[in-house]
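Everything below concerns the one structure shown next.
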Amino acid sequence: MKKYNLLIGGSAGQGMDTLAHNIEKILQRTGYHLFSNKDYESRVRGGHNFTQIRFSIEPVGSHSNEIDLIIALNDETVEVHREKLVEGGAILCDEKILSLEEGVFSLPIVAGAKEVGDVRTQTTIAFGAFVKLFNLDFELAKTIINDVFKGEILAKNQKALEIGYNMAVSHYELEKPEAETRMLINGNQAIGLGALAGGVTFYGAYPMTPSTSIMTYLASKQGESDIVVEQAEDEIAAINMVLGASYAGVRAMTGTSGGGFSLMVETLGLSGIAELPLVVVNVQRPGPATGLPTRTEQSDLSFILTASHGEIPRMVLAVRNPEDAFYQTTRALNIAEEYQIPVIILSDQYLADANQTIEPFDLSKVTIDRHLATFDPNDTERIYNRYEFTENGISPRIIPGKVKGQVVFIDSDEHDESGHIIEDAETRIKMMDKRMKKLNLLKEIVIEPEYYGVETPDILLVGWGSTQGNIKEAVDLLNSEGKKVGGLIFGDIYPLPTKLLEQYTGIAKTVINVEQNYTGQLAKLIRQETGVTIDKSILKFDGRQILPMEIVDFVRREVL
Amino acid sequence: MTNLNPINTKQFDSVKNAWCPGCGNHGILAALKQALAELGLEPHEILITSGIGQAAKTPQYIRTNGFNGLHGRALPPALGAHIANKDLKICITSGDGDTFGEGGNHALHNMRRNIDVAHFVHDNQIYGLTKGQASPTTFPGHVTSVQTEGVINQTLNPIAFAIVSGATFVARTFSGDREHLVPIIKAAIQHKGYALVDIMQPCVIFNKENTYQWYRENLYQLPEDHDPTNKIEALSRAFEYEEGKGVPMGIFYQVEKPTFIDQIPKLRDGKPLVDLELNPMKAEKFIKEFL
């Protein structure tokens, strides 16, 4: 089946998010795979915002700008997006926006809302019309409305649904999917759910787009879970609170975007030298400074790899889709505790806000490995030393206050095994060795990137994080044209896994990095770590996620 | 009368300190050990957090749990640890620069939270560790290596700042007066809520104005009829120092108010977070809403 692509546009505050949500829910519950992404401005009212929903009976991993149906809540949506309609594409809108003509479903949406007695119900009228146009199950639509609306507005929306459904006629004949249970979830929700499954009981953060919805999701679960969420006075406070909580023995986490991460950097170093487990999520947006607050970019990688003065061991994971975001968050929490290091999870606005249908998370695959040491309180001869030298550099960790007579002292100064300040060269060298050799242990546990495509590619596309779906779709399109293409998409990024990279760059004639930044930050890391040079670059830094067709066009143009 | 024969302060002994002879920190450290011992607290029950500075080295020199973090950042780890394990008795020992300069934002907001900690500001009205620049509590006119024509900024008033920011115990004492210092430290630790203690302390190297002699001449006890529950009276007393009336000491302000933990039922009524069993299956119910 072809992939259908909807675009729902309007101004902020018109209820577009609810309309998009309802359409996504009915498609999901009917059994379609879908991918939806949001384009919004940094304002609360007005402006032009839109959501694109792409669905099919086959998995969908990225967005597309070839639109089959525009649902326009205002004139601007028609003006801005009409040219993206494919042949046979159509517009669904109120009769005042466009009158009836070929390719326009001009319906009395506003009049219907007036009949209901609440102009805000026009989004539900449009939803009803959509359900009829695509011949979807009206009863299912009713249950979605019943889930979404509460109180007196529920009855109004039930009526609006019926009015909208009855004003349209069925038009699209879609292949029916097999009924399967999938989750519809975005990247930030998946990280939040990963935190809950991974045993996080404290989340401290400062609001910053596009990371804020991790905090609001977790805050909404405080009543039904063990988690406590505290809004910090700034990001420096957020990361220090989280370190304090981690020190005291709970699993704690913080999240931010690039600007907030910049403020956290000194404390990242504290996590390294004090050997305190830490998980920080950076949901990237275009920088520097305030940049483009509501848009997407992958430009913090180079910064994050060396963030902090001095040298510390760290692990950097990029998440590629909601499933990855969930499982990698639970894994990051385990790694942080096992190696007593900071682990940074890199996501971005595109993934944060993109809803995707995926297999339900399997909690039986999630483990919580605390790696805490035991200490006999009756052994009064022994004194607990937080930074005891061990063969692999990892010192036994106990929870302060839990062993009578023993104390846990952590220090941001260079210190001895007990944690107290030192100045001597010999201890400094031993402590640096102790900490930095954790990097060797991390190299043994890194997960290789995903390889997708033909076994012996002529052209290799290399990317990381949220461009996974976009790159894979480009690989499919190019291979269907008879080219031999593969994609290598990194999740674990530092320490850099190199096996598949060396294997496929050895085979391919042309290696191209696909990144959402100006300087090709992954390509630089690859060259630094392996000496492998990349032949060509597709770099996008306009705040918009790359389209599979943009990659295809580049390859057609630049690679013979 | 304070017990001057310390009972088991030995358990708090740690490595030898590296402070200057005559530094006010010696008196504060000794008093802190005595106060903790007199309260019957044991080293593993206490957490002391600090930032960076000479005062912030205090956790190095006392055997309790310790978090010697970053400059200006003594408070956020204290809050995080407090949320994680409400059973820990938390003290903060840091200087005037650490608390009100680099860390001013955290002082303000944790007082607003009324977290249950005892915060001891070693207030020598100067930056000691970096060799003598002005701190937020240095008085105008004071000449330093940076403020070469004398300090021109308004002095920060720790007592008034704490009262208006939401601290529920605000006191001043003096590092050179053990008999005054120990009971105030004990009262601050016993207070439920944010206790800010402004401990006046000479810096024998870099502050040639506020010397031991100067303090002996200028310190005076708040009158016996001072009502510490009266916010306006407390504030008016707080301004006596900058009005040139001398340096009042004692408990300016003390009220009972719900603490941060008191207002989060799960933390107030439940087990400390650190004692909860972690199990991924607890998240199962949250998967349903995405189906």
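Just remember, in the structure tokens the first chain shown is A, the second B, etc., residues are 1-based per chain, and ligands are 1-based in the order shown.
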
With only C-alpha atoms counted and 8 Å as the cut-off, give the residues of chain B in contact with chain A, each with its shortest interatomic distance in Å and the pair that gives it, as a Markdown table.
| residue | atom | partner | partner_atom | distance |
| --- | --- | --- | --- | --- |
| B:Val15 | CA | A:His420 | CA | 7.9 |
| B:Glu42 | CA | A:Gly405 | CA | 7.5 |
| B:Pro43 | CA | A:Gly405 | CA | 6.6 |
| B:His44 | CA | A:Gly401 | CA | 4.7 |
| B:Glu45 | CA | A:Gly401 | CA | 5.3 |
| B:Ile46 | CA | A:Gly401 | CA | 7.4 |
| B:Gln60 | CA | A:His420 | CA | 6.1 |
| B:Arg63 | CA | A:Val407 | CA | 7.3 |
| B:Thr64 | CA | A:Val407 | CA | 5.7 |
| B:Asn65 | CA | A:Val407 | CA | 4.7 |
| B:Gly66 | CA | A:Phe409 | CA | 4.5 |
| B:Phe67 | CA | A:Ile410 | CA | 5.2 |
| B:Asn68 | CA | A:Asp411 | CA | 4.8 |
| B:Gly69 | CA | A:Ser412 | CA | 5.3 |
| B:Leu70 | CA | A:Ser412 | CA | 6.5 |
| B:Arg73 | CA | A:Asn240 | CA | 7.1 |
| B:Pro76 | CA | A:Met241 | CA | 4.5 |
| B:Pro77 | CA | A:Gly244 | CA | 3.7 |
| B:Ala78 | CA | A:Gly244 | CA | 6.2 |
| B:Leu79 | CA | A:Met241 | CA | 6.1 |
| B:Gly80 | CA | A:Met241 | CA | 4.2 |
| B:Ala81 | CA | A:Ala245 | CA | 4.4 |
| B:His82 | CA | A:Ala245 | CA | 7.5 |
| B:Ile83 | CA | A:Ala245 | CA | 6.9 |
| B:Ala84 | CA | A:Ala245 | CA | 5.2 |
| B:Asn85 | CA | A:Ala248 | CA | 6.5 |
| B:Leu88 | CA | A:Gly401 | CA | 6.8 |
| B:Asn105 | CA | A:Glu233 | CA | 7.3 |
| B:His106 | CA | A:Ala237 | CA | 7.1 |
| B:His109 | CA | A:Glu233 | CA | 6.7 |
| B:Leu273 | CA | A:Thr201 | CA | 6.8 |
| B:Val274 | CA | A:Val250 | CA | 5.2 |
| B:Leu276 | CA | A:Asp226 | CA | 7.9 |
| B:Leu278 | CA | A:Gly199 | CA | 5.3 |
| B:Asn279 | CA | A:Gly199 | CA | 6.6 |
| B:Pro280 | CA | A:Ala197 | CA | 4.3 |
| B:Met281 | CA | A:Leu363 | CA | 6.2 |
| B:Lys282 | CA | A:Ala197 | CA | 6.9 |
| B:Ala283 | CA | A:Ala197 | CA | 5.1 |
| B:Glu284 | CA | A:Leu363 | CA | 7.1 |
| B:Phe286 | CA | A:Leu193 | CA | 7.4 |
| B:Ile287 | CA | A:Pro360 | CA | 7.5 |
| B:Phe290 | CA | A:Met183 | CA | 5.0 |
| B:Leu291 | CA | A:Met183 | CA | 4.6 |

With N, CA and C atoms retained, export the selected residues as a CSV table (one decimal), in the first residue's frame.
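Saved the output as part.csv:
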chain,number,residue,atom,x,y,z
B,15,VAL,N,41.0,14.4,58.7
B,15,VAL,CA,42.4,14.8,58.4
B,15,VAL,C,42.7,16.2,59.0
B,42,GLU,N,25.5,10.7,65.0
B,42,GLU,CA,26.6,9.9,64.7
B,42,GLU,C,27.1,10.3,63.2
B,43,PRO,N,28.3,10.1,62.9
B,43,PRO,CA,28.9,10.5,61.6
B,43,PRO,C,28.0,10.0,60.4
B,44,HIS,N,27.6,8.8,60.4
B,44,HIS,CA,26.9,8.3,59.2
B,44,HIS,C,25.5,8.9,59.1
B,45,GLU,N,25.0,9.5,60.1
B,45,GLU,CA,23.6,10.1,60.0
B,45,GLU,C,23.6,11.5,59.5
B,46,ILE,N,24.8,12.0,59.3
B,46,ILE,CA,24.9,13.5,58.9
B,46,ILE,C,25.5,13.6,57.5
B,60,GLN,N,36.0,18.5,54.7
B,60,GLN,CA,37.2,17.7,54.6
B,60,GLN,C,37.7,17.4,56.0
B,63,ARG,N,34.6,14.2,60.2
B,63,ARG,CA,34.2,12.9,59.7
B,63,ARG,C,32.7,12.7,59.7
B,64,THR,N,32.1,13.1,58.6
B,64,THR,CA,30.7,12.8,58.4
B,64,THR,C,30.6,12.4,56.9
B,65,ASN,N,29.4,12.1,56.5
B,65,ASN,CA,29.2,12.0,55.0
B,65,ASN,C,29.4,13.4,54.5
B,66,GLY,N,30.1,13.5,53.3
B,66,GLY,CA,30.4,14.8,52.8
B,66,GLY,C,30.2,14.9,51.3
B,67,PHE,N,29.8,16.1,50.9
B,67,PHE,CA,29.7,16.3,49.4
B,67,PHE,C,30.4,17.7,49.2
B,68,ASN,N,31.7,17.6,48.9
B,68,ASN,CA,32.5,18.8,48.7
B,68,ASN,C,32.4,19.1,47.1
B,69,GLY,N,31.4,19.9,46.8
B,69,GLY,CA,31.1,20.0,45.3
B,69,GLY,C,31.8,21.2,44.7
B,70,LEU,N,31.0,21.9,43.9
B,70,LEU,CA,31.6,23.0,43.1
B,70,LEU,C,31.3,24.4,43.7
B,73,ARG,N,27.8,25.9,44.6
B,73,ARG,CA,26.8,24.9,44.4
B,73,ARG,C,26.6,23.9,45.6
B,76,PRO,N,22.2,22.9,45.9
B,76,PRO,CA,21.4,22.0,45.1
B,76,PRO,C,21.7,20.5,45.4
B,77,PRO,N,23.0,20.1,45.6
B,77,PRO,CA,23.2,18.7,46.0
B,77,PRO,C,22.5,18.4,47.4
B,78,ALA,N,22.5,19.4,48.2
B,78,ALA,CA,21.9,19.2,49.5
B,78,ALA,C,20.4,18.9,49.3
B,79,LEU,N,19.7,19.7,48.4
B,79,LEU,CA,18.3,19.4,48.2
B,79,LEU,C,18.1,18.0,47.5
B,80,GLY,N,19.0,17.7,46.6
B,80,GLY,CA,18.8,16.4,45.9
B,80,GLY,C,19.0,15.2,46.9
B,81,ALA,N,20.0,15.4,47.8
B,81,ALA,CA,20.2,14.3,48.8
B,81,ALA,C,19.0,14.3,49.8
B,82,HIS,N,18.5,15.4,50.1
B,82,HIS,CA,17.4,15.5,51.1
B,82,HIS,C,16.1,14.8,50.5
B,83,ILE,N,15.9,15.1,49.2
B,83,ILE,CA,14.7,14.4,48.5
B,83,ILE,C,15.0,12.9,48.5
B,84,ALA,N,16.2,12.5,48.2
B,84,ALA,CA,16.5,11.1,48.1
B,84,ALA,C,16.5,10.4,49.4
B,85,ASN,N,16.9,11.0,50.4
B,85,ASN,CA,16.9,10.4,51.8
B,85,ASN,C,16.7,11.4,52.9
B,88,LEU,N,18.7,11.7,56.3
B,88,LEU,CA,20.0,12.3,56.5
B,88,LEU,C,19.8,13.7,57.2
B,105,ASN,N,21.7,32.5,43.7
B,105,ASN,CA,20.4,32.0,43.2
B,105,ASN,C,19.9,30.8,43.9
B,106,HIS,N,20.9,29.9,44.3
B,106,HIS,CA,20.5,28.7,45.0
B,106,HIS,C,20.0,29.0,46.4
B,109,HIS,N,16.4,30.4,46.3
B,109,HIS,CA,15.4,29.5,45.9
B,109,HIS,C,15.2,28.4,46.9
B,273,LEU,N,13.0,7.9,49.5
B,273,LEU,CA,13.0,7.3,48.2
B,273,LEU,C,14.1,6.3,48.1
B,274,VAL,N,15.2,6.5,48.8
B,274,VAL,CA,16.4,5.5,48.6
B,274,VAL,C,16.0,4.1,49.1
B,276,LEU,N,13.0,2.6,48.5
B,276,LEU,CA,12.0,2.0,47.7
B,276,LEU,C,12.6,0.9,46.8
B,278,LEU,N,13.1,-1.0,43.5
B,278,LEU,CA,13.0,-0.6,42.1
B,278,LEU,C,12.6,-1.8,41.3
B,279,ASN,N,11.6,-1.6,40.4
B,279,ASN,CA,11.2,-2.8,39.6
B,279,ASN,C,10.6,-2.2,38.3
B,280,PRO,N,11.2,-2.7,37.2
B,280,PRO,CA,10.7,-2.1,35.9
B,280,PRO,C,9.2,-2.4,35.7
B,281,MET,N,8.6,-3.5,36.3
B,281,MET,CA,7.2,-3.8,36.1
B,281,MET,C,6.3,-2.7,36.7
B,282,LYS,N,6.9,-1.9,37.6
B,282,LYS,CA,6.1,-0.8,38.1
B,282,LYS,C,5.6,0.2,37.0
B,283,ALA,N,6.3,0.1,35.9
B,283,ALA,CA,6.0,1.1,34.8
B,283,ALA,C,4.9,0.5,33.8
B,284,GLU,N,4.5,-0.8,34.1
B,284,GLU,CA,3.6,-1.4,33.2
B,284,GLU,C,2.3,-0.6,32.9
B,286,PHE,N,1.8,2.4,32.8
B,286,PHE,CA,2.0,3.6,32.0
B,286,PHE,C,2.1,3.3,30.5
B,287,ILE,N,2.2,2.0,30.2
B,287,ILE,CA,2.3,1.7,28.7
B,287,ILE,C,0.9,1.8,28.1
B,290,PHE,N,-0.6,4.6,25.9
B,290,PHE,CA,-0.1,4.8,24.5
B,290,PHE,C,-0.7,3.8,23.5
B,291,LEU,N,-1.5,2.9,24.0
B,291,LEU,CA,-2.1,1.9,23.1
B,291,LEU,C,-3.3,2.4,22.3

Q. Could you name the residues that touch Ala37 of chain B at 10 Å or less, counting only C-alpha atoms, but leaving out those on the same chain fewer than 6 positions away, as JSON, numbers by chain?
A. {"B": [6, 7, 8, 9, 10, 11, 12, 31, 43, 186]}

Q.
Taking the DSSP secondary structure from the backbone, can you list the residues of segment 175-275 of chain B that are helix (DSSP H, G or I), as a PyMOL selection string?
A. chain B and resi 178-190+212-218+231-238+261-263+265-269+273-275

Would you write out those residues with C-alpha atoms, as a tab-separated table (two decimals), in the first residue's frame?
chain	number	residue	atom	x	y	z
B	178	ARG	CA	32.13	29.24	71.53
B	179	GLU	CA	29.52	29.67	74.24
B	180	HIS	CA	27.28	31.53	71.84
B	181	LEU	CA	28.19	29.52	68.77
B	182	VAL	CA	27.44	25.98	69.98
B	183	PRO	CA	23.85	26.56	71.14
B	184	ILE	CA	23.02	28.50	67.97
B	185	ILE	CA	24.42	25.69	65.79
B	186	LYS	CA	22.41	23.17	67.79
B	187	ALA	CA	19.23	25.21	67.52
B	188	ALA	CA	19.73	25.58	63.76
B	189	ILE	CA	20.18	21.81	63.32
B	190	GLN	CA	17.15	21.10	65.47
B	212	TYR	CA	38.75	39.90	66.54
B	213	GLN	CA	39.23	43.16	68.39
B	214	TRP	CA	36.69	44.94	66.17
B	215	TYR	CA	34.09	42.21	66.70
B	216	ARG	CA	34.60	42.21	70.48
B	217	GLU	CA	33.90	45.92	70.48
B	218	ASN	CA	30.93	45.85	68.11
B	231	LYS	CA	9.08	39.32	60.99
B	232	ILE	CA	9.07	43.12	60.87
B	233	GLU	CA	10.88	43.42	64.18
B	234	ALA	CA	13.41	40.85	63.02
B	235	LEU	CA	13.97	42.78	59.81
B	236	SER	CA	14.38	46.05	61.61
B	237	ARG	CA	17.01	44.43	63.87
B	238	ALA	CA	18.69	43.00	60.77
B	261	ILE	CA	9.13	17.63	52.38
B	262	ASP	CA	6.01	18.38	54.46
B	263	GLN	CA	4.29	19.61	51.32
B	265	PRO	CA	2.76	13.81	50.81
B	266	LYS	CA	4.71	10.97	49.21
B	267	LEU	CA	7.95	12.20	50.78
B	268	ARG	CA	6.33	13.27	54.05
B	269	ASP	CA	4.41	10.06	54.72
B	273	LEU	CA	13.05	7.34	48.18
B	274	VAL	CA	16.35	5.55	48.64
B	275	ASP	CA	14.56	2.71	50.45

(Q) At a cut-off of 9 Å, using only C-alpha atoms, what residues contact Gly103 of chain B? Leave out same-chain residues fewer than 6 positions from it and give the result as a ChimeraX atom specification. (A) /B:51,71-75,97

Output C-alpha atoms for every residue in that selection, as a PDB file, in the first residue's frame.
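Full text of selection-v2.pdb as output:
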ATOM      1  CA  GLY B  51      30.994  24.538  47.656  1.00  0.00           C
ATOM      2  CA  HIS B  71      31.946  26.698  43.898  1.00  0.00           C
ATOM      3  CA  GLY B  72      28.559  28.213  44.693  1.00  0.00           C
ATOM      4  CA  ARG B  73      26.772  24.875  44.398  1.00  0.00           C
ATOM      5  CA  ALA B  74      26.534  23.619  47.974  1.00  0.00           C
ATOM      6  CA  LEU B  75      22.752  23.851  48.087  1.00  0.00           C
ATOM      7  CA  GLY B  97      31.186  34.394  48.571  1.00  0.00           C
TER       8      GLY B  97
END

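The spacing separating atom CA of Ala162 of chain B from atom CA of Gly132 of chain B amounts to 25.0 Å.
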
Q: Quick one: pull the distance between atom CA of Met200 of chain B and atom CA of Phe260 of chain B, Å, one decimal.
A: 28.1 Å

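In this comparison, which uses only C-alpha atoms, the residue of A:Arg544, A:Gly465, A:Asp376, A:Asp458 approaching Lys509 of chain A most closely is A:Asp458.
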
Q: Extract, using only C-alpha atoms, all DNA, RNA and protein residues at most 9 Å from segment 289-295 of chain A, discarding same-chain residues fewer than 4 positions from it, and format them as a PyMOL selection string.
A: chain A and resi 39-42+208-210+258-259+284-285+348-350+542-545

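For the atom pair formed by atom CA of Leu222 of chain B and atom CA of Gln254 of chain B, the distance is 13.7 Å, given to one decimal.
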
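Proximity ranking of B:Gly24, B:Gln54, B:Ser135, B:Gly244 relative to Thr173 of chain B places B:Gly24 first, based on only C-alpha atoms.
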
(Q) Can you tell me, as a ChimeraX atom specification, which residues in segment 58-269 of chain B count as strand (DSSP E or B) by DSSP? (A) /B:62,65-68,89-95,118-123,169-174,195-200,219-221,247-254

Generate a file of the selected residues that holds N, CA and C atoms, formatted as a compact mmCIF listing (two decimals), in the first residue's frame.
# COMPACT_ATOMS: atom_id res chain seq x y z
N ILE B 62 35.98 17.15 58.94
CA ILE B 62 35.07 16.57 59.94
C ILE B 62 34.58 15.25 59.38
N ASN B 65 29.35 12.07 56.47
CA ASN B 65 29.18 12.00 55.03
C ASN B 65 29.42 13.40 54.49
N GLY B 66 30.05 13.49 53.31
CA GLY B 66 30.36 14.82 52.80
C GLY B 66 30.25 14.91 51.30
N PHE B 67 29.84 16.06 50.86
CA PHE B 67 29.74 16.34 49.42
C PHE B 67 30.41 17.67 49.21
N ASN B 68 31.71 17.62 48.89
CA ASN B 68 32.47 18.84 48.66
C ASN B 68 32.42 19.12 47.15
N LYS B 89 20.62 13.98 58.17
CA LYS B 89 20.63 15.30 58.79
C LYS B 89 21.60 16.14 57.97
N ILE B 90 21.10 17.20 57.34
CA ILE B 90 21.95 17.91 56.38
C ILE B 90 22.38 19.29 56.88
N CYS B 91 23.69 19.51 56.82
CA CYS B 91 24.25 20.82 57.12
C CYS B 91 24.99 21.32 55.89
N ILE B 92 25.06 22.62 55.76
CA ILE B 92 25.84 23.24 54.69
C ILE B 92 26.84 24.17 55.34
N THR B 93 28.11 24.02 54.96
CA THR B 93 29.12 24.93 55.49
C THR B 93 29.82 25.59 54.31
N SER B 94 29.61 26.87 54.15
CA SER B 94 30.25 27.56 53.04
C SER B 94 30.43 29.03 53.40
N GLY B 95 31.22 29.71 52.60
CA GLY B 95 31.52 31.10 52.91
C GLY B 95 30.51 32.08 52.38
N ALA B 118 20.47 22.98 57.83
CA ALA B 118 21.11 24.03 58.63
C ALA B 118 22.29 24.56 57.83
N HIS B 119 22.21 25.82 57.48
CA HIS B 119 23.20 26.42 56.58
C HIS B 119 24.07 27.39 57.38
N PHE B 120 25.34 27.03 57.51
CA PHE B 120 26.26 27.86 58.27
C PHE B 120 27.14 28.66 57.32
N VAL B 121 26.93 29.96 57.31
CA VAL B 121 27.74 30.82 56.44
C VAL B 121 28.91 31.36 57.26
N HIS B 122 30.10 30.95 56.88
CA HIS B 122 31.30 31.47 57.54
C HIS B 122 31.55 32.84 56.91
N ASP B 123 31.09 33.88 57.58
CA ASP B 123 31.02 35.20 56.95
C ASP B 123 32.19 36.08 57.40
N PHE B 169 14.46 30.07 60.09
CA PHE B 169 15.32 30.26 61.27
C PHE B 169 16.49 31.10 60.80
N VAL B 170 16.65 32.27 61.38
CA VAL B 170 17.71 33.17 60.93
C VAL B 170 18.45 33.70 62.15
N ALA B 171 19.74 33.43 62.21
CA ALA B 171 20.49 33.83 63.41
C ALA B 171 21.87 34.32 63.03
N ARG B 172 22.48 35.05 63.96
CA ARG B 172 23.88 35.44 63.77
C ARG B 172 24.66 35.08 65.03
N THR B 173 25.89 34.62 64.82
CA THR B 173 26.76 34.34 65.96
C THR B 173 28.19 34.67 65.54
N PHE B 174 29.14 34.31 66.38
CA PHE B 174 30.52 34.75 66.18
C PHE B 174 31.48 33.58 66.39
N ALA B 195 17.40 26.81 58.07
CA ALA B 195 18.06 27.60 59.11
C ALA B 195 19.31 28.23 58.52
N LEU B 196 19.35 29.54 58.55
CA LEU B 196 20.51 30.27 58.05
C LEU B 196 21.23 30.87 59.24
N VAL B 197 22.49 30.51 59.41
CA VAL B 197 23.26 31.10 60.51
C VAL B 197 24.43 31.89 59.91
N ASP B 198 24.41 33.17 60.15
CA ASP B 198 25.46 34.07 59.67
C ASP B 198 26.53 34.10 60.76
N ILE B 199 27.63 33.40 60.51
CA ILE B 199 28.67 33.32 61.54
C ILE B 199 29.77 34.34 61.21
N MET B 200 29.82 35.39 61.97
CA MET B 200 30.84 36.41 61.76
C MET B 200 32.19 35.79 62.11
N LEU B 219 30.08 43.62 68.64
CA LEU B 219 29.00 42.63 68.74
C LEU B 219 28.16 42.88 69.98
N TYR B 220 26.88 42.70 69.86
CA TYR B 220 26.02 42.74 71.04
C TYR B 220 24.86 41.77 70.86
N GLN B 221 24.35 41.29 71.95
CA GLN B 221 23.27 40.32 71.94
C GLN B 221 21.94 41.03 71.72
N VAL B 247 26.99 45.15 65.75
CA VAL B 247 26.62 43.89 65.09
C VAL B 247 25.76 43.06 66.03
N PRO B 248 24.44 43.09 65.83
CA PRO B 248 23.58 42.30 66.73
C PRO B 248 23.71 40.81 66.46
N MET B 249 23.69 40.01 67.51
CA MET B 249 23.69 38.55 67.31
C MET B 249 22.66 37.87 68.18
N GLY B 250 22.33 36.64 67.76
CA GLY B 250 21.26 35.90 68.42
C GLY B 250 20.29 35.41 67.37
N ILE B 251 19.13 34.93 67.82
CA ILE B 251 18.13 34.42 66.87
C ILE B 251 17.20 35.57 66.50
N PHE B 252 17.34 36.05 65.27
CA PHE B 252 16.51 37.16 64.79
C PHE B 252 15.08 36.70 64.52
N TYR B 253 14.99 35.52 63.91
CA TYR B 253 13.70 35.11 63.37
C TYR B 253 13.58 33.60 63.47
N GLN B 254 12.45 33.12 63.96
CA GLN B 254 12.20 31.68 63.95
C GLN B 254 10.71 31.43 63.96

Q: Compile the contact shell of Ile205 of chain B as an MDAnalysis selection string: residues with an atom at most 9 Å away, counting only C-alpha atoms, same-chain residues fewer than 6 positions apart removed.
A: chainID B and resid 20 23 128 131:132

Please produce a file of those selected residues containing N, CA and C atoms, as a PDB file, in the first residue's frame.
ATOM      1  N   CYS B  20      44.816  28.841  57.963  1.00  0.00           N
ATOM      2  CA  CYS B  20      45.811  29.716  58.598  1.00  0.00           C
ATOM      3  C   CYS B  20      45.648  29.672  60.125  1.00  0.00           C
ATOM      4  N   CYS B  23      42.646  31.578  62.050  1.00  0.00           N
ATOM      5  CA  CYS B  23      41.449  31.668  61.203  1.00  0.00           C
ATOM      6  C   CYS B  23      40.200  31.354  62.025  1.00  0.00           C
ATOM      7  N   GLY B 128      38.686  34.803  50.865  1.00  0.00           N
ATOM      8  CA  GLY B 128      39.953  34.392  51.447  1.00  0.00           C
ATOM      9  C   GLY B 128      40.789  33.556  50.487  1.00  0.00           C
ATOM     10  N   LYS B 131      42.512  35.274  47.831  1.00  0.00           N
ATOM     11  CA  LYS B 131      43.417  36.286  48.376  1.00  0.00           C
ATOM     12  C   LYS B 131      42.876  37.710  48.404  1.00  0.00           C
ATOM     13  N   GLY B 132      41.680  37.830  48.981  1.00  0.00           N
ATOM     14  CA  GLY B 132      41.317  39.144  49.477  1.00  0.00           C
ATOM     15  C   GLY B 132      40.469  40.066  48.638  1.00  0.00           C
TER      16      GLY B 132
END

Q: Mind checking which residues fall within 12 Å of Leu547 of chain A, counting only C-alpha atoms, ignoring those fewer than 2 positions away in the same chain, and posting them as a PyMOL selection string?
A: chain A and resi 61-66+350+466-474+477+514-516+538-540+544-545+549-554

Can you spit out the residues from that selection as an mmCIF file, in the first residue's frame, using C-alpha atoms?
data_model
loop_
_atom_site.group_PDB
_atom_site.id
_atom_site.type_symbol
_atom_site.label_atom_id
_atom_site.label_comp_id
_atom_site.auth_asym_id
_atom_site.auth_seq_id
_atom_site.Cartn_x
_atom_site.Cartn_y
_atom_site.Cartn_z
ATOM 1 C CA GLY A 61 9.958 5.855 9.682
ATOM 2 C CA SER A 62 10.083 9.421 8.438
ATOM 3 C CA HIS A 63 8.052 12.350 7.180
ATOM 4 C CA SER A 64 7.527 13.451 3.594
ATOM 5 C CA ASN A 65 6.542 16.709 1.959
ATOM 6 C CA GLU A 66 4.380 15.091 -0.707
ATOM 7 C CA TYR A 350 12.389 16.022 15.484
ATOM 8 C CA SER A 466 16.972 10.721 14.586
ATOM 9 C CA THR A 467 17.863 10.618 10.875
ATOM 10 C CA GLN A 468 17.647 6.812 11.009
ATOM 11 C CA GLY A 469 14.196 6.583 9.397
ATOM 12 C CA ASN A 470 15.007 9.232 6.797
ATOM 13 C CA ILE A 471 18.239 7.492 5.781
ATOM 14 C CA LYS A 472 16.631 4.050 5.635
ATOM 15 C CA GLU A 473 13.852 5.297 3.383
ATOM 16 C CA ALA A 474 16.450 6.915 1.103
ATOM 17 C CA LEU A 477 14.387 4.390 -2.768
ATOM 18 C CA VAL A 514 24.238 12.670 6.490
ATOM 19 C CA GLU A 515 24.009 15.068 9.405
ATOM 20 C CA GLN A 516 21.845 17.900 10.690
ATOM 21 C CA ILE A 538 24.944 15.973 3.147
ATOM 22 C CA LEU A 539 24.639 18.627 5.815
ATOM 23 C CA LYS A 540 21.427 20.377 6.769
ATOM 24 C CA ARG A 544 14.150 21.174 9.387
ATOM 25 C CA GLN A 545 14.690 17.427 9.325
ATOM 26 C CA MET A 549 14.087 12.603 -1.172
ATOM 27 C CA GLU A 550 16.741 15.213 -0.383
ATOM 28 C CA ILE A 551 19.218 12.395 0.232
ATOM 29 C CA VAL A 552 18.103 10.604 -2.931
ATOM 30 C CA ASP A 553 18.456 13.794 -5.009
ATOM 31 C CA PHE A 554 21.957 14.385 -3.659
#

Q | Long-range neighbours of segment 72-84 of chain A as a PyMOL selection string, 9 Å cut-off, only C-alpha atoms, 2 positions minimum in chain | A | chain A and resi 7-11+14+16+48-50+65-68+70+86+89-94+97-98+122-123+126
